[in-house]
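Peer 1: Questions regarding the structure given below will be posed in turn.
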Amino acid sequence: MEDGQAVIGLGTYLTSGHFISATFENFESEFLQMALYVLLTISLRQIGSAESKSLHKPEEVDREPKPGPEAPRAVNKGGWIAQLYASSLSICFGLLFLFSWGMHLYGSWQNHNVEQAAKHLPRESVAAYLTQAEFWFETFQNWQSEFLSVASIVFLTIYLRQKGSPESKPVDAPHMETGK
């Protein structure tokens, strides 16, 4: 309405660049957060954090997979299939992140060109749009909030507790005890 354009209905909005951009921008940061969380918790340790693996001893998740009747089919298959399966969680989150990033880019670019048309300016290519600050501002402002939340849980669980939560150490655990 501000630009003298017709008001659109809900159905049209749900397929608009603005909606696609806003939705996938949020998904993108969540999948990036989970992918990095899964990958970084393999090797990074924080003394006292409920979110950290033990600093000194191997844990159950570190053991080598063994084929057996209850094991997933990929483990029983062995070889490169088992290797791929051993990293399937981070691969899946990585692919979901890339898909979401691409959809965010697509939606943001489409919305940008709608705004360009409303101002009687020429459409821009996706390559030209990628060089503008608008898309990167949307991207990085969302990412930084996700990294802040992960850092908060890692460090706050050293000294704070929540009885009954699997994300917390037991209430009576020493501050410097690592893991659950």
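Note on naming: chains are A, B, ... as they come in the structure tokens, residues start from 1 per chain, ligands start from 1 in the order shown.
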Which of stretch 15-60 of chain A end up as alpha helix (DSSP H) when DSSP is run on this backbone - answer as number ranges by chain?

Peer 2: A: 17-43

Peer 1: May I have the residues within 10 Å of stretch 112-116 of chain A as a list in words, using only C-alpha atoms and disregarding those fewer than 2 positions away in the same chain?

Peer 2: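 In the requested format, the answer is Asp3, Ser16, Gly17, His18, Tyr106, Gly107, Ser108, Trp109, Gln110, Ala118, Lys119, His120, Leu121, Pro122, Arg123, Glu124, Ser125, Val126, Tyr129, Glu134 and Phe135 of chain A.
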
Peer 1: Using only C-alpha atoms, find the one residue out of A:Phe147, A:Phe27, A:Phe137, A:Phe155 that sits nearest to A:Phe93.

Peer 2: A:Phe27

Peer 1: Would you please work out which residue, of A:Thr12, A:Tyr37, A:Arg161, A:Glu177, is nearest to A:Leu89 when using only C-alpha atoms?

Peer 2: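 Checking each candidate against A:Leu89, we get A:Tyr37 as the closest.
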
Peer 1: Quick one, how far is atom CA of A:Pro72 from atom CA of A:Ser90?

Peer 2: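 Interatomic distance, atom CA of A:Pro72 to atom CA of A:Ser90: 17.3 Å.
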
Peer 1: Can you tell me which residues surround A:Ser168 at a distance of at most 8 Å, considering only C-alpha atoms, apart from same-chain residues fewer than 6 positions away, and format the answer as a list in words?

Peer 2: Ala50, Glu51, Thr157, Leu160, Arg161, Gln162 and Lys180 of chain A

Peer 1: Here is a test: counting only C-alpha atoms, which residue of A:Val61, A:Ala127, A:Val150, A:Ala133 is nearest to A:Ser29?

Peer 2: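 Selected residue with least distance to A:Ser29: A:Val150.
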
Peer 1: Point out the residue among A:Ala6, A:Pro65, A:Leu44, A:Ser52 with the least atom-to-atom distance to A:Lys77, counting only C-alpha atoms.

Peer 2: A:Pro65

Peer 1: Quick check, in Å to one decimal: how far apart do atom CA of A:Gln33 and atom CA of A:Ile20 lie?

Peer 2: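 Between atom CA of A:Gln33 and atom CA of A:Ile20 the gap works out to 19.8 Å.
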
Peer 1: For atom CA of A:Thr178 and atom CA of A:Gly48, quote the distance in Å rounded to one decimal.

Peer 2: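 That distance, rounded to one decimal, is 4.2 Å.
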